[in-house]
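J.: Submitted below is the structure of interest, expressed as structure tokens.
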Amino acid sequence: MRDFTLKSYRSLLEAFQKCGYRFQIFEEFMEHPAEGKTVVMRHDVDEKAANALKMAQLEHELGIRATYFFRVVKQSNVPEVIRGIAALGHEIGYHYEDLATAEGDMEKATETFRKNLAYFREYYPVRSVCMHGSSTSEYDNRLLWERHSLAEFGIVGEPYLSVDFSKVFYLTDTGYAWDGGKFATRDIVENKFGLTFHSTQQIVECIDEGGFPEKALVLAHTLWSEKPSQWIALHLRETVRNNVKLLSRKNRFVGIIYRKFVKSYWNR
């Protein structure tokens, strides 16, 4: 069975529901974490915004609220999609990358962060933000918080700064695989639970058997697709991209070419 489709995503959500997990949006989890089995479904809308809307519609059908972090790039920032997801009762957050785009200029980054946050608040009263990894940049976007505080902007939480991952299991589909952590650059969390999965079905089986942690934050990007042509294209692209990303860390020339390509892709 093809993985990373809406069908497999439904199977994951239904497994959580069947085993008594409660779903919370991120801002709610930060302020009033639920007792017992709890999962936060987080979506980083790096691109393929239309896919995000389909995931949001599926969650709404199942009575689930999730958190969607949007970037300002046009592949993510699609007004009708943001409005549609907010209308379904989901949380909208800002997927910030201001320090990277400002090339380390803290004052400029602060200015654009404030501006972009205000923009997304036109769609939803944003109270959650999450850094974008910006893997080809030398600047870690989280360094913004060495100069400022989340509270200064009315923010209640940032996943990589506000969550105790020794108590909350972090699971991400980075690299188009649940065990693709080696492809990540900055969105890395130490796994203290001793659990690893490759496929969605393996996660479902773990949940069914009662071996899944009580608290979890699950990051599902928006590359999950029902269209066979898009699914194949994305798998091929991610396989190539993952290998080039790894090679770029070892080879300076490949790194330069890769950074130029990535910059061109997001600026097109």
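Just so we're on the same page: first chain in the structure tokens is A, next is B, and so on; residues restart at 1 for each chain, and ligands are numbered from 1 in the order they show up.
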Among segment 196-254 of chain A, which ones does DSSP place in strand (DSSP E or B), written as JSON, numbers by chain?

T.: {"A": [215, 216, 217, 218, 219]}

J.: So which residues of segment 31-247 of chain A fall under alpha helix (DSSP H) by DSSP, listed as a PyMOL selection string?

T.: chain A and resi 31+49-61+79-87+98-101+106-120+159-162+200-208+228-247

J.: Please identify every residue of segment 5-47 of chain A that has at least one atom no farther than 9 Å from an atom of segment 221-224 of chain A, counting only C-alpha atoms, and for each give the shortest atom pair and the distance in Å to one decimal, arranged by chain then increasing number, as a Markdown table.

T.:
```
| residue | atom | partner | partner_atom | distance |
| --- | --- | --- | --- | --- |
| A:Thr5 | CA | A:Trp224 | CA | 4.8 |
| A:Leu6 | CA | A:Trp224 | CA | 6.3 |
| A:Ser8 | CA | A:Trp224 | CA | 8.9 |
| A:Tyr9 | CA | A:Trp224 | CA | 7.9 |
| A:Arg42 | CA | A:His221 | CA | 8.1 |
| A:His43 | CA | A:His221 | CA | 5.2 |
| A:Asp44 | CA | A:His221 | CA | 5.3 |
| A:Val45 | CA | A:Thr222 | CA | 5.9 |
| A:Asp46 | CA | A:Thr222 | CA | 7.4 |
| A:Glu47 | CA | A:Thr222 | CA | 7.0 |
```

J.: Would you give me, as JSON lines, each residue of segment 102-133 of chain A having an atom within 12 Å of an atom of segment 18-25 of chain A, along with its shortest atom pair and that distance in Å to one decimal, using only C-alpha atoms and sorting by chain and residue number?

T.:
```
{"residue": "A:Val126", "atom": "CA", "partner": "A:Ile25", "partner_atom": "CA", "distance": 12.0}
{"residue": "A:Arg127", "atom": "CA", "partner": "A:Ile25", "partner_atom": "CA", "distance": 11.1}
{"residue": "A:Ser128", "atom": "CA", "partner": "A:Ile25", "partner_atom": "CA", "distance": 9.8}
```

J.: How far is it from atom CA of Pro213 of chain A to atom CA of Leu58 of chain A, in Å with one decimal?

T.: 23.9 Å

J.: Using only C-alpha atoms, which protein or nucleic acid residues come within 10 Å of Val189 of chain A? Drop anything in the same chain fewer than 4 positions from it, and give the result as a PyMOL selection string.

T.: chain A and resi 160+165-166+169-172+181

J.: Only all heavy atoms, please: the residues just picked out, written as a tab-separated table (two decimals), in the first residue's frame.

T.:
```tsv
chain	number	residue	atom	x	y	z
A	160	TYR	N	10.05	24.11	19.22
A	160	TYR	CA	11.43	23.75	19.53
A	160	TYR	C	12.00	24.48	20.74
A	160	TYR	O	13.12	24.21	21.17
A	160	TYR	CB	12.31	23.99	18.30
A	160	TYR	CG	11.89	23.13	17.13
A	160	TYR	CD1	11.22	23.69	16.05
A	160	TYR	CD2	12.12	21.75	17.13
A	160	TYR	CE1	10.80	22.90	14.99
A	160	TYR	CE2	11.70	20.96	16.08
A	160	TYR	CZ	11.05	21.54	15.01
A	160	TYR	OH	10.63	20.75	13.96
A	165	PHE	N	10.61	17.75	25.28
A	165	PHE	CA	10.56	16.53	24.48
A	165	PHE	C	11.10	15.30	25.21
A	165	PHE	O	11.20	14.23	24.63
A	165	PHE	CB	11.28	16.73	23.15
A	165	PHE	CG	10.50	17.60	22.19
A	165	PHE	CD1	10.95	18.85	21.84
A	165	PHE	CD2	9.29	17.14	21.66
A	165	PHE	CE1	10.23	19.65	20.96
A	165	PHE	CE2	8.56	17.93	20.79
A	165	PHE	CZ	9.02	19.19	20.43
A	166	SER	N	11.44	15.46	26.47
A	166	SER	CA	11.75	14.27	27.27
A	166	SER	C	10.45	13.66	27.78
A	166	SER	O	10.42	12.51	28.23
A	166	SER	CB	12.65	14.64	28.46
A	166	SER	OG	11.96	15.47	29.39
A	169	PHE	N	6.65	12.86	23.04
A	169	PHE	CA	7.28	12.15	21.92
A	169	PHE	C	7.14	12.97	20.64
A	169	PHE	O	6.05	13.40	20.28
A	169	PHE	CB	6.62	10.78	21.74
A	169	PHE	CG	7.21	9.94	20.64
A	169	PHE	CD1	8.59	9.78	20.54
A	169	PHE	CD2	6.39	9.30	19.72
A	169	PHE	CE1	9.14	8.99	19.53
A	169	PHE	CE2	6.93	8.50	18.72
A	169	PHE	CZ	8.31	8.35	18.61
A	170	TYR	N	8.28	13.20	19.97
A	170	TYR	CA	8.29	13.97	18.73
A	170	TYR	C	8.44	13.02	17.55
A	170	TYR	O	9.35	12.21	17.49
A	170	TYR	CB	9.47	14.95	18.76
A	170	TYR	CG	9.64	15.78	17.51
A	170	TYR	CD1	8.77	16.84	17.24
A	170	TYR	CD2	10.68	15.55	16.62
A	170	TYR	CE1	8.93	17.63	16.11
A	170	TYR	CE2	10.87	16.34	15.50
A	170	TYR	CZ	9.99	17.38	15.24
A	170	TYR	OH	10.16	18.15	14.12
A	171	LEU	N	7.51	13.14	16.61
A	171	LEU	CA	7.50	12.26	15.45
A	171	LEU	C	7.32	13.12	14.21
A	171	LEU	O	6.40	13.92	14.12
A	171	LEU	CB	6.35	11.26	15.57
A	171	LEU	CG	6.25	10.13	14.54
A	171	LEU	CD1	7.51	9.26	14.58
A	171	LEU	CD2	5.02	9.27	14.83
A	172	THR	N	8.24	12.98	13.23
A	172	THR	CA	8.17	13.81	12.03
A	172	THR	C	8.40	12.98	10.77
A	172	THR	O	9.15	12.01	10.78
A	172	THR	CB	9.21	14.94	12.08
A	172	THR	OG1	9.23	15.63	10.83
A	172	THR	CG2	10.60	14.41	12.37
A	181	GLY	N	15.26	11.35	9.97
A	181	GLY	CA	15.90	12.40	10.76
A	181	GLY	C	17.28	12.81	10.26
A	181	GLY	O	17.69	13.95	10.44
```

J.: So that I can see what lies close to Arg83 of chain A, please list as a list in words the residues with an atom at most 10 Å from it, counting only C-alpha atoms and leaving out residues fewer than 3 positions away in the same chain.

T.: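 The residues satisfying every condition are Leu53, Val78, Pro79, Glu80, Ala86, Ala87, Leu88, Ile92, Glu122, Tyr123 and Tyr124 of chain A.
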